[in-house]
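*Asks:* Below is the file final.cif, with mmCIF, C-alpha atoms.
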data_entry
loop_
_atom_site.label_atom_id
_atom_site.label_comp_id
_atom_site.auth_asym_id
_atom_site.auth_seq_id
_atom_site.Cartn_x
_atom_site.Cartn_y
_atom_site.Cartn_z
CA MET K 28 12.65 15.82 -35.45
CA GLY K 29 9.85 18.33 -35.12
CA MET K 30 7.32 18.41 -32.28
CA ILE K 31 3.70 19.38 -31.89
CA GLU K 32 3.44 22.63 -30.00
CA VAL K 33 -0.25 22.41 -29.09
CA ILE K 34 -0.94 21.61 -25.43
CA LEU K 35 -3.98 19.35 -25.07
CA PHE K 36 -6.24 19.14 -22.06
CA GLY K 37 -9.09 16.87 -21.00
CA CYS K 38 -7.36 13.51 -20.52
CA PHE K 39 -4.18 15.18 -19.25
CA LEU K 40 -2.39 14.06 -22.41
CA THR K 41 -1.12 16.99 -24.37
CA SER K 42 1.33 16.42 -27.19
CA VAL K 43 3.25 13.35 -28.27
CA TYR K 44 6.59 13.88 -29.96
CA ALA K 45 8.71 11.59 -32.07
CA ASP K 46 10.91 10.82 -29.06
CA ALA K 47 7.86 9.76 -26.95
CA VAL K 48 7.44 12.70 -24.62
CA ALA K 49 4.30 14.63 -23.73
CA ASP K 50 2.97 17.57 -21.76
CA VAL K 51 0.65 17.00 -18.81
CA VAL K 52 -1.67 19.61 -17.32
CA LEU K 53 -2.70 19.17 -13.68
CA SER K 54 -5.06 21.04 -11.40
CA CYS K 55 -3.20 21.61 -8.14
CA THR K 56 -3.44 23.36 -4.81
CA LEU K 57 -0.77 25.78 -3.65
CA VAL K 58 -0.41 25.56 0.12
CA GLU K 59 1.12 28.64 1.76
CA GLU K 60 1.90 29.24 5.40
CA GLY K 61 0.99 32.47 7.14
CA VAL K 62 0.49 33.88 10.62
CA GLY K 63 -2.81 35.10 11.95
CA GLY K 64 -4.31 32.47 14.17
CA MET K 65 -4.92 32.83 17.87
CA GLY K 66 -1.71 33.07 19.85
CA GLY K 67 0.33 33.72 16.72
CA ARG K 68 -0.23 30.21 15.42
CA SER K 69 0.52 29.53 11.77
CA LEU K 70 -2.35 29.27 9.34
CA PHE K 71 -2.26 27.60 5.93
CA SER K 72 -3.98 29.01 2.89
CA ARG K 73 -4.93 26.81 -0.06
CA THR K 74 -5.11 28.42 -3.48
CA PRO K 75 -5.96 26.76 -6.83
CA ALA K 76 -2.95 26.44 -9.14
CA THR K 77 -2.15 24.83 -12.49
CA LEU K 78 0.95 22.78 -13.17
CA VAL K 79 2.08 22.02 -16.72
CA LEU K 80 4.67 19.22 -16.83
CA ARG K 81 6.58 19.47 -20.10
CA ASP K 82 8.51 16.73 -21.90
CA VAL K 83 7.20 13.88 -19.77
CA ALA K 84 8.48 10.51 -21.04
CA VAL K 85 5.58 8.27 -22.17
CA GLY K 86 5.04 5.14 -24.24
CA PRO K 87 5.37 5.38 -28.04
CA ASP K 88 1.78 4.21 -28.67
CA GLU K 89 -0.07 7.15 -27.06
CA SER K 90 -2.92 8.66 -29.08
CA LEU K 91 -4.10 12.25 -29.49
CA GLU K 92 -7.68 11.34 -30.36
CA THR K 93 -10.65 12.91 -28.53
CA LEU K 94 -8.45 15.41 -26.68
CA THR K 95 -9.37 19.04 -26.07
CA PRO K 96 -6.65 21.65 -26.59
CA PHE K 97 -5.47 23.68 -23.64
CA VAL K 98 -4.59 27.26 -24.53
CA PRO K 99 -2.77 29.61 -22.13
CA PRO K 100 -4.79 32.74 -21.34
CA SER K 101 -4.63 35.31 -24.13
CA ILE K 102 -4.07 37.97 -21.49
CA PRO K 103 -1.57 36.78 -18.80
CA ASP K 104 -2.95 37.11 -15.30
CA PRO K 105 -0.38 38.14 -12.66
CA ASP K 106 -2.74 36.87 -9.94
CA ALA K 107 -2.92 33.33 -11.36
CA TYR K 108 -0.65 30.48 -10.26
CA LEU K 109 0.39 28.85 -13.55
CA PHE K 110 3.56 26.76 -13.24
CA GLU K 111 5.39 25.41 -16.26
CA ALA K 112 7.95 22.72 -15.40
CA ARG K 113 10.48 20.95 -17.64
CA VAL K 114 11.02 17.33 -16.60
CA SER K 115 13.43 16.14 -19.29
CA SER K 116 16.41 16.18 -16.92
CA ALA K 117 14.69 14.24 -14.11
CA GLU K 118 12.39 11.47 -15.32
CA ILE K 119 9.08 10.82 -13.55
CA PRO K 120 8.61 7.01 -13.52
CA LYS K 121 5.17 5.73 -14.60
CA ALA K 122 4.13 9.25 -15.56
CA ASP K 123 1.85 7.73 -18.21
CA VAL K 124 -0.58 7.11 -15.31
CA LEU K 125 -1.16 10.86 -15.22
CA LEU K 126 -2.00 10.93 -18.92
CA HIS K 127 -5.09 8.78 -18.57
CA ALA K 128 -6.28 9.59 -15.04
CA ASP K 129 -8.98 11.99 -16.20
CA CYS K 130 -10.36 9.63 -18.85
CA ASN K 131 -10.37 6.80 -16.31
CA GLU K 132 -12.20 9.02 -13.80
CA GLN K 133 -9.34 8.76 -11.32
CA GLU K 134 -8.74 11.71 -9.05
CA VAL K 135 -5.26 13.23 -9.18
CA THR K 136 -4.13 14.88 -5.96
CA CYS K 137 -1.54 17.58 -6.59
CA GLU K 138 -0.29 19.78 -3.76
CA MET K 139 2.44 22.40 -4.04
CA SER K 140 4.31 24.41 -1.43
CA ARG K 141 7.44 26.52 -1.11
CA TYR K 142 10.57 24.51 -0.40
CA ILE K 143 13.74 25.72 1.30
CA PRO K 144 16.79 23.51 0.61
CA GLN K 145 18.99 22.51 3.52
CA GLY K 146 21.80 25.02 4.00
CA SER K 147 20.73 27.15 1.03
CA GLN K 148 22.00 30.72 0.73
CA GLU K 149 19.45 33.49 1.11
CA SER K 150 21.15 35.38 -1.74
CA SER K 151 20.31 32.59 -4.21
CA ASP K 152 18.18 33.80 -7.13
CA ALA K 153 16.42 30.44 -7.48
CA VAL K 154 13.16 29.68 -5.69
CA TYR K 155 12.05 26.10 -5.02
CA PHE K 156 8.70 24.36 -4.78
CA MET K 157 7.76 20.89 -3.55
CA VAL K 158 5.01 19.03 -5.47
CA SER K 159 3.27 15.90 -4.18
CA LEU K 160 1.39 13.82 -6.76
CA ASP K 161 -0.95 10.93 -6.08
CA VAL K 162 -3.44 9.13 -8.35
CA GLU K 163 -6.55 7.53 -6.87
CA GLY K 164 -6.72 3.75 -7.21
CA VAL K 165 -3.31 3.45 -8.88
CA GLU K 166 0.07 2.54 -7.45
CA PHE K 167 1.51 5.95 -8.30
CA SER K 168 2.99 8.37 -5.80
CA THR K 169 5.81 10.85 -6.28
CA ALA K 170 7.34 14.03 -4.84
CA LEU K 171 8.98 16.60 -7.12
CA ILE K 172 11.23 19.55 -6.35
CA LEU K 173 10.94 22.42 -8.83
CA GLN K 174 13.56 25.13 -9.29
CA THR K 175 12.63 28.41 -10.95
CA GLU K 176 14.43 29.26 -14.17
CA THR K 177 16.00 32.59 -14.99
CA VAL K 178 13.73 34.97 -16.88
CA ASN K 179 15.20 37.91 -18.79
CA THR K 180 13.27 40.85 -17.44
CA ASP K 181 12.55 44.26 -18.86
CA GLY K 182 9.98 46.95 -18.32
CA SER K 183 7.21 44.80 -19.82
CA THR K 184 7.85 41.70 -17.69
CA LEU K 185 4.92 40.68 -15.51
CA ILE K 186 5.50 39.80 -11.87
CA GLN K 187 3.34 37.25 -10.08
CA ASN K 188 1.57 39.38 -7.48
CA LYS K 189 1.63 36.99 -4.53
CA LEU K 190 4.96 35.23 -5.13
CA GLY K 191 6.85 38.27 -6.46
CA LEU K 192 8.46 36.18 -9.22
CA PRO K 193 8.85 37.14 -12.90
CA LEU K 194 6.58 35.41 -15.41
CA SER K 195 7.22 34.31 -18.96
CA GLN K 196 5.56 36.09 -21.87
CA SER K 197 2.70 33.57 -21.77
CA GLY K 198 2.15 34.28 -18.07
CA THR K 199 3.69 31.07 -16.70
CA LEU K 200 6.19 30.66 -13.90
CA LEU K 201 9.07 28.78 -15.56
CA THR K 202 10.59 25.97 -13.48
CA GLU K 203 12.56 22.77 -13.91
CA VAL K 204 12.10 19.46 -12.11
CA ILE K 205 15.48 18.84 -10.48
CA PHE K 206 14.73 16.06 -7.97
CA VAL K 207 12.16 13.25 -7.85
CA VAL K 208 11.47 10.68 -5.12
CA PHE K 209 8.83 8.06 -5.95
CA SER K 210 7.33 4.72 -5.02
CA HIS K 211 5.62 2.20 -7.28
CA ILE K 212 3.49 0.98 -4.38
CA LYS K 213 1.40 2.71 -1.73
CA ALA K 214 0.82 -0.37 0.39
CA VAL K 215 2.12 -3.93 0.46
CA SER K 216 1.08 -7.04 2.39
CA ALA K 217 3.40 -9.70 3.78
CA GLN K 218 2.93 -13.03 5.50
CA LEU K 219 4.17 -13.50 9.02
CA ARG K 220 7.82 -14.65 9.01
CA GLY K 221 8.05 -13.88 5.29
CA ASP K 222 10.19 -11.33 3.42
CA VAL K 223 8.99 -8.12 1.80
CA LEU K 224 10.39 -5.38 -0.45
CA LEU K 225 9.39 -1.75 0.23
CA ASP K 226 9.77 0.21 -3.00
CA CYS K 227 11.41 3.64 -3.14
CA GLY K 228 13.50 5.35 -5.81
CA PHE K 229 14.83 8.72 -6.91
CA ARG K 230 15.90 10.66 -9.97
CA GLN K 231 17.90 13.89 -10.04
CA ARG K 232 19.31 16.43 -12.44
CA GLU K 233 22.90 15.71 -13.37
CA ILE K 234 25.08 16.36 -10.33
CA PRO K 235 28.77 15.75 -9.46
CA LEU K 236 29.57 12.05 -8.93
CA SER K 237 31.28 12.95 -5.68
CA GLN K 238 27.90 14.05 -4.29
CA GLU K 239 26.72 12.14 -1.20
CA VAL K 240 23.40 10.32 -1.19
CA ALA K 241 21.69 9.62 2.14
CA ILE K 242 18.86 7.07 2.51
CA GLU K 243 16.79 6.83 5.68
CA TRP K 244 13.90 4.49 6.42
CA ARG K 245 11.69 5.08 9.46
CA LEU K 246 8.68 3.18 10.79
CA GLN K 247 5.66 5.07 12.09
CA HIS K 248 2.99 3.06 13.88
CA ARG K 249 0.30 4.03 16.37
CA GLY K 250 1.87 7.39 17.12
CA LYS K 251 5.37 6.02 17.66
CA GLY K 252 8.32 6.41 15.31
CA GLN K 253 11.62 4.60 15.08
CA LYS K 254 14.56 4.52 12.71
CA VAL K 255 14.89 1.27 10.77
CA LEU K 256 17.94 1.87 8.56
CA GLU K 257 20.25 4.67 7.52
CA MET K 258 22.72 4.58 4.62
CA LYS K 259 25.15 7.10 3.18
CA THR K 260 27.07 6.59 -0.04
CA ARG K 261 28.52 8.52 -2.99
CA LEU K 262 27.45 8.38 -6.61
CA ASP K 263 30.97 7.48 -7.72
CA ASP K 264 30.76 4.46 -5.38
CA ALA K 265 34.27 5.12 -4.16
CA GLU K 266 35.75 2.41 -1.97
CA GLY K 267 34.85 2.92 1.65
CA SER K 268 32.32 5.66 0.85
CA THR K 269 29.29 3.64 2.01
CA SER K 270 28.20 3.54 5.63
CA VAL K 271 25.14 1.67 6.87
CA HIS K 272 23.48 1.80 10.28
CA VAL K 273 20.80 -0.85 10.84
CA GLU K 274 18.35 -0.56 13.75
CA ARG K 275 16.03 -3.37 12.71
CA LYS K 276 17.85 -6.67 12.18
CA GLY K 277 17.11 -8.13 8.76
CA SER K 278 16.65 -4.78 6.97
CA SER K 279 18.88 -3.87 4.01
CA VAL K 280 19.28 -1.49 1.09
CA ASP K 281 21.51 -2.39 -1.87
CA ALA K 282 24.14 0.39 -2.15
CA ALA K 283 25.04 -0.66 -5.71
CA LEU K 284 21.42 -0.18 -6.84
CA VAL K 285 21.30 3.20 -5.11
CA VAL K 286 24.27 4.37 -7.16
CA THR K 287 23.50 2.77 -10.53
CA GLU K 288 19.69 2.91 -10.67
CA GLY K 289 18.56 5.38 -8.01
CA ASN K 290 16.88 2.43 -6.25
CA ALA K 291 16.53 3.03 -2.51
CA SER K 292 14.13 0.13 -1.86
CA MET K 293 14.45 -1.70 1.46
CA THR K 294 14.13 -5.44 2.09
CA LEU K 295 12.76 -6.73 5.40
CA THR K 296 13.27 -10.39 6.23
CA THR K 297 11.27 -12.57 8.64
CA VAL K 298 8.63 -9.91 9.27
CA LYS K 299 6.73 -9.90 12.54
CA VAL K 300 3.47 -8.30 13.64
CA HIS K 301 5.29 -5.35 15.20
CA ASP K 302 6.86 -4.57 11.79
CA GLU K 303 3.45 -3.40 10.55
CA GLY K 304 2.97 0.33 9.93
CA ALA K 305 3.87 3.26 7.67
CA TYR K 306 7.45 3.25 6.39
CA ILE K 307 8.89 6.64 5.45
CA CYS K 308 11.63 6.63 2.83
CA THR K 309 13.69 9.85 2.85
CA VAL K 310 16.25 10.41 0.11
CA SER K 311 18.72 13.30 0.42
CA VAL K 312 21.06 14.39 -2.36
CA GLY K 313 23.07 17.55 -1.73
CA LEU K 314 20.75 20.29 -0.51
CA PHE K 315 17.58 18.46 -1.48
CA HIS K 316 15.51 15.77 0.15
CA ALA K 317 12.04 14.31 -0.37
CA GLN K 318 9.99 11.44 1.02
CA GLN K 319 7.61 8.65 0.13
CA ILE K 320 5.42 6.56 2.45
CA VAL K 321 4.76 2.84 1.99
CA HIS K 322 2.27 1.05 4.27
CA LEU K 323 3.16 -2.50 5.31
CA ASN K 324 0.27 -4.74 6.34
CA ILE K 325 0.88 -8.11 7.99
CA LEU K 326 -1.56 -10.85 6.93
CA GLN K 327 -1.64 -14.35 8.36
CA ALA K 328 -4.34 -16.81 7.29
CA PRO K 329 -6.13 -18.81 10.04
CA GLN K 330 -5.79 -22.54 10.70
CA VAL K 331 -9.30 -24.00 10.97
CA SER K 332 -10.31 -27.31 12.60
CA LEU K 333 -13.29 -29.02 14.24
CA SER K 334 -13.36 -30.61 17.69
CA LYS K 335 -14.83 -33.89 16.36
CA GLU K 336 -13.95 -36.13 13.44
CA LYS K 337 -17.15 -38.19 13.91
CA LEU K 338 -20.52 -36.83 14.98
CA VAL K 339 -23.16 -39.24 16.29
CA VAL K 340 -26.07 -37.25 17.66
CA LYS K 341 -28.01 -39.08 20.38
CA THR K 342 -28.69 -36.05 22.52
CA ARG K 343 -27.80 -32.39 22.18
CA THR K 344 -24.09 -32.33 21.30
CA THR K 345 -21.56 -29.50 21.32
CA LEU K 346 -19.35 -29.11 18.25
CA SER K 347 -16.51 -26.58 18.34
CA CYS K 348 -14.78 -24.83 15.44
CA HIS K 349 -11.28 -23.59 16.23
CA CYS K 350 -9.80 -20.70 14.23
CA ALA K 351 -6.14 -20.30 15.17
CA LYS K 352 -3.02 -18.17 14.56
CA TYR K 353 -4.45 -15.45 12.30
CA TYR K 354 -3.73 -11.73 11.88
CA PRO K 355 -5.17 -9.10 11.88
CA LEU K 356 -7.89 -9.49 14.48
CA ASP K 357 -11.10 -9.39 12.46
CA THR K 358 -12.47 -12.77 11.36
CA GLN K 359 -15.94 -14.16 10.67
CA MET K 360 -17.12 -17.67 11.63
CA GLU K 361 -20.48 -19.09 10.57
CA TRP K 362 -22.20 -22.47 10.76
CA LEU K 363 -23.96 -24.08 7.78
CA SER K 364 -25.78 -27.36 7.23
CA LEU K 365 -26.13 -29.47 4.09
CA SER K 366 -28.62 -32.35 4.19
CA PRO K 367 -28.66 -35.16 1.60
CA SER K 368 -31.82 -33.70 0.08
CA ASP K 369 -30.46 -30.16 -0.28
CA SER K 370 -28.46 -28.94 -3.27
CA GLU K 371 -27.02 -25.97 -1.39
CA SER K 372 -25.89 -25.47 2.18
CA LEU K 373 -28.17 -23.52 4.52
CA VAL K 374 -27.28 -21.19 7.36
CA PHE K 375 -27.60 -23.08 10.62
CA PRO K 376 -30.42 -21.66 12.79
CA ASP K 377 -28.13 -21.52 15.82
CA GLN K 378 -24.87 -19.70 15.11
CA GLY K 379 -23.24 -20.87 18.33
CA ALA K 380 -21.34 -18.98 21.00
CA LEU K 381 -18.06 -17.23 20.28
CA SER K 382 -15.17 -17.37 22.70
CA SER K 383 -13.12 -14.29 23.45
CA HIS K 384 -10.06 -13.59 21.30
CA ARG K 385 -6.80 -15.07 22.53
CA GLN K 386 -3.54 -13.35 21.53
CA HIS K 387 -0.35 -15.37 21.21
CA GLY K 388 3.23 -14.33 21.81
CA ASP K 389 3.83 -13.70 18.09
CA GLY K 390 0.89 -11.26 17.96
CA THR K 391 -1.52 -13.61 16.16
CA TYR K 392 -5.01 -14.39 17.46
CA SER K 393 -7.24 -17.42 18.00
CA GLN K 394 -10.98 -17.79 18.57
CA SER K 395 -13.49 -20.64 18.82
CA SER K 396 -17.18 -21.00 18.05
CA HIS K 397 -19.21 -23.57 19.98
CA LEU K 398 -22.34 -24.94 18.30
CA THR K 399 -25.04 -26.98 20.06
CA VAL K 400 -26.22 -29.60 17.55
CA PRO K 401 -29.81 -30.75 18.27
CA SER K 402 -30.60 -34.45 18.47
CA ASP K 403 -33.10 -34.34 15.59
CA VAL K 404 -30.51 -33.57 12.91
CA ALA K 405 -30.93 -36.14 10.15
CA PRO K 406 -28.09 -38.63 9.58
CA GLY K 407 -26.06 -37.79 6.51
CA THR K 408 -26.31 -34.06 7.19
CA LYS K 409 -23.03 -32.19 6.96
CA ILE K 410 -22.33 -29.59 9.63
CA ILE K 411 -20.01 -26.97 8.12
CA CYS K 412 -17.90 -24.27 9.77
CA ARG K 413 -16.97 -21.52 7.32
CA VAL K 414 -14.30 -18.95 8.19
CA SER K 415 -13.65 -15.66 6.35
CA HIS K 416 -10.56 -13.51 6.86
CA GLN K 417 -8.85 -10.81 4.82
CA ALA K 418 -5.74 -12.99 4.43
CA LEU K 419 -7.84 -15.56 2.53
CA ASP K 420 -8.73 -15.32 -1.16
CA SER K 421 -11.90 -17.29 -0.36
CA PRO K 422 -13.41 -18.64 2.87
CA ILE K 423 -12.15 -21.89 4.44
CA SER K 424 -14.78 -24.56 5.12
CA VAL K 425 -14.39 -27.65 7.34
CA SER K 426 -17.19 -30.15 7.90
CA VAL K 427 -18.28 -33.31 9.69
CA GLU K 428 -21.13 -35.64 8.69
CA VAL K 429 -23.78 -36.70 11.17
CA GLU K 430 -23.84 -40.48 11.54
CA SER K 431 -26.79 -42.64 12.51
CA PRO K 432 -26.91 -43.55 16.20
CA GLN K 433 -28.54 -46.92 15.26
CA LEU K 434 -25.43 -47.89 13.37
CA ASP K 435 -23.32 -47.09 16.41
CA SER K 436 -25.66 -49.14 18.71
CA TYR K 437 -25.55 -52.09 16.31
CA TRP K 438 -21.77 -52.39 16.47
CA TRP K 439 -21.85 -52.00 20.25
CA PHE K 440 -24.40 -54.82 20.54
CA LEU K 441 -22.46 -57.03 18.13
CA GLY K 442 -19.27 -56.55 20.13
CA PHE K 443 -21.08 -57.36 23.37
CA LEU K 444 -22.56 -60.53 21.83
CA ILE K 445 -19.17 -61.77 20.63
CA ILE K 446 -17.60 -61.21 24.04
CA THR K 447 -20.49 -63.07 25.72
CA VAL K 448 -20.19 -66.08 23.38
CA LEU K 449 -16.45 -66.28 23.94
CA PHE K 450 -17.02 -66.14 27.71
CA PHE K 451 -19.44 -69.09 27.66
CA VAL K 452 -17.13 -71.10 25.40
CA GLN K 453 -14.39 -70.73 27.97
CA VAL K 454 -16.71 -71.74 30.83
CA MET K 455 -17.95 -74.88 29.05
CA ARG K 456 -14.44 -76.25 28.47
#
Let me see the structure of the file written as structure tokens.

*Replies:*
Amino acid sequence: MGMIEVILFGCFLTSVYADAVADVVLSCTLVEEGVGGMGGRSLFSRTPATLVLRDVAVGPDESLETLTPFVPPSIPDPDAYLFEARVSSAEIPKADVLLHADCNEQEVTCEMSRYIPQGSQESSDAVYFMVSLDVEGVEFSTALILQTETVNTDGSTLIQNKLGLPLSQSGTLLTEVIFVVFSHIKAVSAQLRGDVLLDCGFRQREIPLSQEVAIEWRLQHRGKGQKVLEMKTRLDDAEGSTSVHVERKGSSVDAALVVTEGNASMTLTTVKVHDEGAYICTVSVGLFHAQQIVHLNILQAPQVSLSKEKLVVKTRTTLSCHCAKYYPLDTQMEWLSLSPSDSESLVFPDQGALSSHRQHGDGTYSQSSHLTVPSDVAPGTKIICRVSHQALDSPISVSVEVESPQLDSYWWFLGFLIITVLFFVQVMR
């Protein structure tokens, strides 16, 4: 099957082939480390770069309409950073997000830097780069490792001035994506004492089945880090090849999914407040490793109640609204009134006095609001306490209706009269 050779720019979609692959052009930043700061400290330079991802797998229904062609410079520039990367051997999941980011006015963050594999030989001809990709407002985040490809050089071959690497005839630095670590989520919320799945996966160029895969999950929160789980296994899933070390009880990674699907996701059961934070998933295969970060937020909706089930206002009366066992800390409590003649509730003139926050042993919070209800509130009026919290889809409202004090006095008088009559009946016998 033939393919369209034209690279298209503008919506980051370039060419769609019969086998549903495309080229994506990204504006990136090349971050390089140098020395020159005070005291010999390292400085980082940031230089604009362009990354062309070739043969990216996409959906079969992509369109080429309204796209502007991207043409490599007619005269190759040895000072430019123009990377061309084949991705056919290591799929980038959900890469179609990149195709439409520009049209959807979503910012794509692309940062590149030199990468040195663990234990690599200095004599190796290959050079490696790490690429971090993130799309604004979309659950897309991935890290790529690029390996330079061999270029047949002769006297006319251009050399990239800063990197000292040979360029192709079109002035691009030819590379291949050999390792990908990704996450389909950037952040996830979980209820207290619930279970949650933290997504992480990887793809790699074909490697020996005897190769070891290492998965490590760490939690970073408020400047402190701790290991949650560590797993080592082999791609051939040989008996006894898997070892797991669990630091946090109730955490697990499915070794079978690691081997068969490249799925390194971790499950946490019965989550607590102290489980909240940034989870770092590190996947190592052979000499290469890359990371993804997933933020876990704990959300617990408040329990809301009033201090009175009946409200008979004879004099100024205090009504309390209790908001209990919620997380995180921030909550909003407000008082409203709805009289029989009103179609909508009104904000109560007096918004009451808030108590201080009380923290419980499980990390949740409670707070109360105390409202002084004046004696001139009309019977039939509903006094409403409305509570808003980020764990709620909509605010919770609880209410009590003001009853007539005359009605209460009538029943008191009737009861007294009955008791008096019964007393005299007994005396007259």

*Asks:* May I ask which of the residues K:Ala49, K:Leu185, K:Val162, K:Leu256 is the closest one to K:Ile212, counting only C-alpha atoms?

*Replies:*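 Going through K:Ala49, K:Leu185, K:Val162, K:Leu256 one by one, the smallest distance to K:Ile212 is for K:Val162.
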
*Asks:* Just so the selection is clear, what residues does the PyMOL selection byres ((chain K and resi 302) around 12) cover here, as a ChimeraX atom specification?

*Replies:* /K:216-223,245-249,252-255,275-278,295-301,303-306,322-326,389-390

*Asks:* What does the distance between atom CA of K:Ser424 and atom CA of K:Val331 come to in Å, to one decimal place?

*Replies:*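 It comes out at 8.0 Å.
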
*Asks:* Which residues come within 10 Å of K:Glu166, counting all atoms listed in the file, excluding same-chain residues fewer than 6 positions away, as a ChimeraX atom specification?

*Replies:* /K:121,124,210-214

*Asks:* Would you output that residue set with C-alpha atoms, as a tab-separated table (two decimals), in the coordinates of the input?

*Replies:*
chain	number	residue	atom	x	y	z
K	121	LYS	CA	5.17	5.73	-14.60
K	124	VAL	CA	-0.58	7.11	-15.31
K	210	SER	CA	7.33	4.72	-5.02
K	211	HIS	CA	5.62	2.20	-7.28
K	212	ILE	CA	3.49	0.98	-4.38
K	213	LYS	CA	1.40	2.71	-1.73
K	214	ALA	CA	0.82	-0.37	0.39

*Asks:* Suppose a student applies the PyMOL selection byres ((chain K and resi 78) around 8) to this structure; what residues should they get, written as a VMD selection string?

*Replies:* chain K and resid 52 to 55 76 to 77 79 to 80 109 to 112

*Asks:* Check the smallest atom-to-atom distance from each of K:Val425, K:Leu225, K:Ile320, K:Leu419 to K:Asn290 using only C-alpha atoms, then report the winner.

*Replies:*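 Among the listed residues, K:Leu225 lies closest to K:Asn290.
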
*Asks:* With distances taken over only C-alpha atoms, which residue among K:Asp377, K:Glu134, K:Glu288, K:Glu274 lies nearest K:Arg230?

*Replies:*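 Once distances to K:Arg230 are computed over only C-alpha atoms, the minimum belongs to K:Glu288.
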
*Asks:* Measuring atom to atom with all atoms listed in the file, identify which of K:Gly198, K:Cys350, K:Glu243, K:Met293 is nearest to K:Leu224.

*Replies:*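 Answer, going by the shortest atom-to-atom distance: K:Met293.
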
*Asks:* Rounded to one decimal in Å, what is the spacing between atom CA of K:Ala405 and atom CA of K:Ser382?

*Replies:*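 Straight-line distance from atom CA of K:Ala405 to atom CA of K:Ser382 works out to 27.5 Å.
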
*Asks:* Distance atom CA of K:Pro422-atom CA of K:Val215, one decimal place?

*Replies:*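 Atom-to-atom, atom CA of K:Pro422 to atom CA of K:Val215, that is 21.5 Å.
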
*Asks:* Could you pull the residues within 8 Å of K:Lys337, counting only C-alpha atoms, minus those fewer than 3 positions along the same chain, as a short mmCIF file (atom, residue, chain, number, x, y, z; two decimals) with C-alpha atoms, keeping the file's coordinate frame?

*Replies:*
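Contents of the output file out_26.cif:
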data_model
loop_
_atom_site.label_atom_id
_atom_site.label_comp_id
_atom_site.auth_asym_id
_atom_site.auth_seq_id
_atom_site.Cartn_x
_atom_site.Cartn_y
_atom_site.Cartn_z
CA VAL K 427 -18.28 -33.31 9.69
CA GLU K 428 -21.13 -35.64 8.69
CA VAL K 429 -23.78 -36.70 11.17
CA GLU K 430 -23.84 -40.48 11.54
#

*Asks:* Ranking K:His416, K:Arg261, K:Arg113, K:His316 by minimum distance to K:Phe229 and counting only C-alpha atoms, which one comes first?

*Replies:*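 Closest to K:Phe229, using only C-alpha atoms: K:His316.
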
*Asks:* At a cut-off of 9 Å, using only C-alpha atoms, what residues contact K:Thr177? Leave out same-chain residues fewer than 5 positions from it and give the result as an mmCIF file with C-alpha atoms, in the coordinates of the input.

*Replies:*
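Writing the result to around.cif gives the following:
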data_model
loop_
_atom_site.group_PDB
_atom_site.id
_atom_site.type_symbol
_atom_site.label_atom_id
_atom_site.label_comp_id
_atom_site.auth_asym_id
_atom_site.auth_seq_id
_atom_site.Cartn_x
_atom_site.Cartn_y
_atom_site.Cartn_z
ATOM 1 C CA ASP K 152 18.180 33.800 -7.130
ATOM 2 C CA ALA K 153 16.420 30.440 -7.480
ATOM 3 C CA PRO K 193 8.850 37.140 -12.900
ATOM 4 C CA LEU K 201 9.070 28.780 -15.560
ATOM 5 C CA THR K 202 10.590 25.970 -13.480
#

*Asks:* In terms of the shortest atom-to-atom distance over all atoms listed in the file, which of K:Phe209, K:Phe315, K:Phe71, K:Tyr108 is closest to K:Ile172?

*Replies:*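 Nearest candidate to K:Ile172 out of K:Phe209, K:Phe315, K:Phe71, K:Tyr108: K:Phe315.
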
*Asks:* Please write as a PDB file with C-alpha atoms, in the frame of the given file the list of polymer residues whose atoms come within 8 Å of (13.3, 7.1, -2.0), counting only C-alpha atoms and keeping to the coordinates of the file.

*Replies:*
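So part-v8.pdb came out as:
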ATOM      1  CA  VAL K 208      11.470  10.680  -5.120  1.00  0.00           C
ATOM      2  CA  PHE K 209       8.830   8.060  -5.950  1.00  0.00           C
ATOM      3  CA  SER K 210       7.330   4.720  -5.020  1.00  0.00           C
ATOM      4  CA  ASP K 226       9.770   0.210  -3.000  1.00  0.00           C
ATOM      5  CA  CYS K 227      11.410   3.640  -3.140  1.00  0.00           C
ATOM      6  CA  GLY K 228      13.500   5.350  -5.810  1.00  0.00           C
ATOM      7  CA  PHE K 229      14.830   8.720  -6.910  1.00  0.00           C
ATOM      8  CA  ILE K 242      18.860   7.070   2.510  1.00  0.00           C
ATOM      9  CA  ASN K 290      16.880   2.430  -6.250  1.00  0.00           C
ATOM     10  CA  ALA K 291      16.530   3.030  -2.510  1.00  0.00           C
ATOM     11  CA  SER K 292      14.130   0.130  -1.860  1.00  0.00           C
ATOM     12  CA  CYS K 308      11.630   6.630   2.830  1.00  0.00           C
ATOM     13  CA  THR K 309      13.690   9.850   2.850  1.00  0.00           C
ATOM     14  CA  VAL K 310      16.250  10.410   0.110  1.00  0.00           C
ATOM     15  CA  ALA K 317      12.040  14.310  -0.370  1.00  0.00           C
ATOM     16  CA  GLN K 318       9.990  11.440   1.020  1.00  0.00           C
ATOM     17  CA  GLN K 319       7.610   8.650   0.130  1.00  0.00           C
TER      18      GLN K 319
END
